[in-house]
Amino acid sequence: MRSARRKRAAVLISGRGSNLAALITAASEAGYPAEIVGVISNRADAKGLELAARHGIPARVVPQGDFTDREAHDAAIEAALQEFGADVVCLAGYMLLLSPGLVAAWEGRMINIHPALIPSFKGLDTHARALAAGVRIHGCTVHFVTHDVDAGPIIAQAAVPVLAGDTNQVLAARVLAAEHKLYPLALSLVAEGKARLEGGRTVLEDVADHGPTVLFSPSLAALSDAESDLEALARFTP
Ligand code: GRF
């Protein structure tokens, strides 16, 4: 059963804010279990700030350069999160590493989106590295934030094919379109308590899981979805 109170989500950004836009759109829908109550940027020129303003969402700019060290910077971020009354924090293109103290304070309540299928391609330039590696399937991941960068317990992933002739830009656009669906899904699971961090792993509960079970890349045109995995297995089991 859905809890009556929507979770208060704050979003940390450093730039464009297209994932922020996806979260704002999702949260504007009736029945979505979270609302976006505040945006924090470390950069005053982050495009996402304009978006927050357009939607009347309070925003704070907390530039790194105003502080002597990361702990002091993160203390100011924590103060802003408290001001917003945040229950959940979404990192959406936030380009700074967080201090261990801030990460620990939000354990199980802070999530990040990474433009690759982790544990592959942690860090930057994921699309160029995926192309260079020649993978046929790439994608994006939402995970709980832990001390290890881009490596926390996975909440949800979306896979996209890498197609012949893909450029960095084209592949990035395909992954980004998936991100915009994945992040609202993952936030809703966390907000509803259906995805929880327990003992260093993500526990999913009461999550509908259906849809295509195999992504082929290159695609297998003749693939029939008629038979389920279990049915197929049963044919080979005496
Ligand atoms: C996204 O690709 C996200 O996965 C990564 O940084 C990018 C942010 O894009 N962490 P945007 O600011 O949400 O448009």
# chains A, B, ... in the order shown; residues from 1 in each chain; ligands from 1
call {"tool": "select_by_dssp", "arguments": {"residues": "segment 90-187 of chain A", "states": "helix (DSSP H, G or I)", "output": "ChimeraX atom specification"}}
result
/A:100-105,126-133,168-187
call {"tool": "write_last_selection", "arguments": {"atoms": "N, CA, C and O atoms", "output": "compact mmCIF listing (two decimals), in the first residue's frame"}}
result
# COMPACT_ATOMS: atom_id res chain seq x y z
N PRO A 100 32.99 11.42 3.03
CA PRO A 100 32.47 10.20 3.69
C PRO A 100 31.36 10.52 4.69
O PRO A 100 30.40 9.75 4.82
N GLY A 101 31.46 11.66 5.36
CA GLY A 101 30.45 12.02 6.36
C GLY A 101 29.08 12.22 5.74
O GLY A 101 28.08 11.71 6.26
N LEU A 102 29.04 12.92 4.62
CA LEU A 102 27.75 13.18 3.97
C LEU A 102 27.17 11.87 3.42
O LEU A 102 25.97 11.60 3.55
N VAL A 103 28.03 11.06 2.82
CA VAL A 103 27.57 9.78 2.28
C VAL A 103 27.00 8.91 3.40
O VAL A 103 25.91 8.32 3.27
N ALA A 104 27.70 8.87 4.54
CA ALA A 104 27.24 8.03 5.65
C ALA A 104 25.92 8.55 6.21
O ALA A 104 25.02 7.77 6.54
N ALA A 105 25.79 9.87 6.28
CA ALA A 105 24.57 10.46 6.86
C ALA A 105 23.33 10.10 6.03
O ALA A 105 22.23 10.03 6.56
N THR A 126 31.93 7.56 -20.34
CA THR A 126 31.46 6.17 -20.42
C THR A 126 31.11 5.75 -21.84
O THR A 126 31.35 4.62 -22.23
N HIS A 127 30.53 6.68 -22.62
CA HIS A 127 30.06 6.29 -23.96
C HIS A 127 31.25 6.06 -24.89
O HIS A 127 31.27 5.09 -25.66
N ALA A 128 32.24 6.93 -24.81
CA ALA A 128 33.44 6.75 -25.64
C ALA A 128 34.13 5.45 -25.27
O ALA A 128 34.60 4.71 -26.15
N ARG A 129 34.16 5.15 -23.99
CA ARG A 129 34.84 3.92 -23.56
C ARG A 129 34.04 2.68 -23.97
O ARG A 129 34.62 1.65 -24.31
N ALA A 130 32.71 2.79 -23.95
CA ALA A 130 31.88 1.66 -24.39
C ALA A 130 32.11 1.41 -25.89
O ALA A 130 32.25 0.26 -26.32
N LEU A 131 32.17 2.50 -26.67
CA LEU A 131 32.43 2.34 -28.10
C LEU A 131 33.81 1.74 -28.34
O LEU A 131 33.98 0.84 -29.17
N ALA A 132 34.80 2.25 -27.60
CA ALA A 132 36.16 1.75 -27.78
C ALA A 132 36.26 0.28 -27.41
O ALA A 132 36.99 -0.50 -28.03
N ALA A 133 35.49 -0.13 -26.41
CA ALA A 133 35.54 -1.53 -25.96
C ALA A 133 34.78 -2.44 -26.91
O ALA A 133 34.94 -3.66 -26.88
N ASN A 168 29.73 8.76 -30.48
CA ASN A 168 29.64 9.07 -29.06
C ASN A 168 28.32 9.80 -28.75
O ASN A 168 27.59 9.46 -27.82
N GLN A 169 28.04 10.79 -29.61
CA GLN A 169 26.88 11.64 -29.39
C GLN A 169 25.56 10.87 -29.53
O GLN A 169 24.63 11.04 -28.74
N VAL A 170 25.50 10.04 -30.57
CA VAL A 170 24.27 9.28 -30.81
C VAL A 170 24.04 8.28 -29.68
O VAL A 170 22.93 8.12 -29.17
N LEU A 171 25.11 7.61 -29.27
CA LEU A 171 24.99 6.64 -28.19
C LEU A 171 24.61 7.34 -26.88
O LEU A 171 23.75 6.86 -26.12
N ALA A 172 25.22 8.49 -26.64
CA ALA A 172 24.89 9.25 -25.42
C ALA A 172 23.41 9.63 -25.41
O ALA A 172 22.74 9.54 -24.37
N ALA A 173 22.88 10.01 -26.57
CA ALA A 173 21.47 10.40 -26.64
C ALA A 173 20.56 9.21 -26.37
O ALA A 173 19.53 9.34 -25.69
N ARG A 174 20.97 8.03 -26.90
CA ARG A 174 20.14 6.84 -26.67
C ARG A 174 20.14 6.46 -25.20
O ARG A 174 19.10 6.11 -24.62
N VAL A 175 21.30 6.55 -24.56
CA VAL A 175 21.37 6.23 -23.13
C VAL A 175 20.60 7.27 -22.32
O VAL A 175 19.88 6.93 -21.38
N LEU A 176 20.74 8.53 -22.71
CA LEU A 176 20.08 9.59 -21.94
C LEU A 176 18.56 9.42 -21.96
O LEU A 176 17.89 9.61 -20.94
N ALA A 177 18.04 9.02 -23.12
CA ALA A 177 16.59 8.80 -23.20
C ALA A 177 16.18 7.69 -22.22
O ALA A 177 15.12 7.76 -21.59
N ALA A 178 17.04 6.69 -22.08
CA ALA A 178 16.75 5.61 -21.12
C ALA A 178 16.87 6.13 -19.69
O ALA A 178 16.08 5.78 -18.81
N GLU A 179 17.87 6.99 -19.45
CA GLU A 179 18.05 7.56 -18.10
C GLU A 179 16.77 8.27 -17.64
O GLU A 179 16.37 8.19 -16.48
N HIS A 180 16.16 8.98 -18.60
CA HIS A 180 14.99 9.79 -18.24
C HIS A 180 13.79 8.95 -17.85
O HIS A 180 12.87 9.44 -17.21
N LYS A 181 13.81 7.68 -18.24
CA LYS A 181 12.75 6.76 -17.78
C LYS A 181 13.19 6.04 -16.52
O LYS A 181 12.39 5.76 -15.63
N LEU A 182 14.48 5.71 -16.48
CA LEU A 182 14.98 4.89 -15.37
C LEU A 182 15.00 5.64 -14.04
O LEU A 182 14.63 5.08 -13.00
N TYR A 183 15.42 6.92 -14.09
CA TYR A 183 15.58 7.62 -12.80
C TYR A 183 14.24 7.80 -12.08
O TYR A 183 14.13 7.51 -10.88
N PRO A 184 13.19 8.23 -12.80
CA PRO A 184 11.88 8.31 -12.11
C PRO A 184 11.42 6.97 -11.56
O PRO A 184 10.85 6.90 -10.47
N LEU A 185 11.68 5.89 -12.32
CA LEU A 185 11.31 4.57 -11.83
C LEU A 185 12.05 4.25 -10.53
O LEU A 185 11.46 3.84 -9.53
N ALA A 186 13.37 4.46 -10.55
CA ALA A 186 14.18 4.11 -9.37
C ALA A 186 13.80 4.97 -8.17
O ALA A 186 13.69 4.45 -7.05
N LEU A 187 13.58 6.25 -8.39
CA LEU A 187 13.19 7.10 -7.25
C LEU A 187 11.85 6.64 -6.69
O LEU A 187 11.66 6.63 -5.47
call {"tool": "residues_near_ligand", "arguments": {"ligand": "ligand 1", "cutoff": "8 Å", "atoms": "only C-alpha atoms and all ligand atoms", "output": "list in words"}}
result
Ile13, Ser14, Gly15, Arg16, Gly17, Ser18, Asn19, Leu20, Ala21, Gly48, Leu91, Ala92, Gly93, Tyr94, Met95, Asn112, Ile113, His114, Pro115, Ala116, Cys140, Thr141, Ala172, Val175, Leu176 and Glu179 of chain A
call {"tool": "write_last_selection", "arguments": {"atoms": "C-alpha atoms", "output": "PDB file, in the first residue's frame"}}
result
ATOM      1  CA  ILE A  13      23.201  18.927 -10.035  1.00  0.00           C
ATOM      2  CA  SER A  14      26.211  20.525 -11.686  1.00  0.00           C
ATOM      3  CA  GLY A  15      24.956  21.214 -15.203  1.00  0.00           C
ATOM      4  CA  ARG A  16      22.311  20.624 -17.832  1.00  0.00           C
ATOM      5  CA  GLY A  17      19.649  19.102 -15.604  1.00  0.00           C
ATOM      6  CA  SER A  18      17.851  16.834 -18.069  1.00  0.00           C
ATOM      7  CA  ASN A  19      17.489  14.119 -15.413  1.00  0.00           C
ATOM      8  CA  LEU A  20      16.216  16.771 -13.020  1.00  0.00           C
ATOM      9  CA  ALA A  21      13.620  17.627 -15.679  1.00  0.00           C
ATOM     10  CA  GLY A  48      19.226  23.006 -14.376  1.00  0.00           C
ATOM     11  CA  LEU A  91      22.474  12.978  -7.540  1.00  0.00           C
ATOM     12  CA  ALA A  92      21.765  13.917 -11.145  1.00  0.00           C
ATOM     13  CA  GLY A  93      24.952  14.886 -12.904  1.00  0.00           C
ATOM     14  CA  TYR A  94      26.536  16.194  -9.699  1.00  0.00           C
ATOM     15  CA  MET A  95      30.202  16.253 -10.647  1.00  0.00           C
ATOM     16  CA  ASN A 112      22.879   8.387  -8.197  1.00  0.00           C
ATOM     17  CA  ILE A 113      22.448   7.844 -11.901  1.00  0.00           C
ATOM     18  CA  HIS A 114      25.456   6.656 -13.870  1.00  0.00           C
ATOM     19  CA  PRO A 115      25.507   6.499 -17.684  1.00  0.00           C
ATOM     20  CA  ALA A 116      26.748   2.910 -17.989  1.00  0.00           C
ATOM     21  CA  CYS A 140      22.559   3.276 -17.403  1.00  0.00           C
ATOM     22  CA  THR A 141      22.276   2.466 -13.724  1.00  0.00           C
ATOM     23  CA  ALA A 172      24.887   9.254 -25.424  1.00  0.00           C
ATOM     24  CA  VAL A 175      21.374   6.225 -23.132  1.00  0.00           C
ATOM     25  CA  LEU A 176      20.082   9.593 -21.939  1.00  0.00           C
ATOM     26  CA  GLU A 179      18.046   7.560 -18.098  1.00  0.00           C
TER      27      GLU A 179
END
call {"tool": "select_by_dssp", "arguments": {"residues": "chain A", "states": "strand (DSSP E or B)", "output": "PyMOL selection string"}}
result
chain A and resi 7-13+34-41+59-61+88-91+110-114+137-144+154-161+195-198+201-204
call {"tool": "atom_distance", "arguments": {"atom1": "atom CA of Ile24 of chain A", "atom2": "atom CA of Arg54 of chain A"}}
result
11.0 Å
call {"tool": "residues_around", "arguments": {"residues": "Asp69 of chain A", "least_positions_apart": "6", "cutoff": "12 Å", "atoms": "only C-alpha atoms", "output": "VMD selection string"}}
result
chain A and resid 63 75 to 76 97 to 99
call {"tool": "residues_around", "arguments": {"residues": "segment 151-162 of chain A", "least_positions_apart": "5", "cutoff": "7 Å", "atoms": "only C-alpha atoms", "output": "number ranges by chain"}}
result
A: 117-119, 136-146, 171, 175, 178, 182, 186, 195, 200-202, 217
call {"tool": "closest_residue", "arguments": {"among": "A:Ala86, A:Ala72, A:Leu23, A:Val11", "to": "Ala59 of chain A", "atoms": "only C-alpha atoms"}}
result
A:Val11
call {"tool": "atom_distance", "arguments": {"atom1": "atom CA of Ile77 of chain A", "atom2": "atom CA of Ala26 of chain A"}}
result
24.4 Å
call {"tool": "closest_residue", "arguments": {"among": "A:Ser219, A:Ser28, A:Asn42, A:Gln82", "to": "Phe67 of chain A", "atoms": "only C-alpha atoms"}}
result
A:Asn42
call {"tool": "residues_around", "arguments": {"residues": "Asp87 of chain A", "least_positions_apart": "6", "cutoff": "8 Å", "atoms": "only C-alpha atoms", "output": "PyMOL selection string"}}
result
chain A and resi 7-10+109
call {"tool": "atom_distance", "arguments": {"atom1": "atom CA of Phe84 of chain A", "atom2": "atom CA of Gly38 of chain A"}}
result
6.0 Å
call {"tool": "residues_around", "arguments": {"residues": "Pro58 of chain A", "least_positions_apart": "3", "cutoff": "7 Å", "atoms": "only C-alpha atoms", "output": "PyMOL selection string"}}
result
chain A and resi 37-39+52
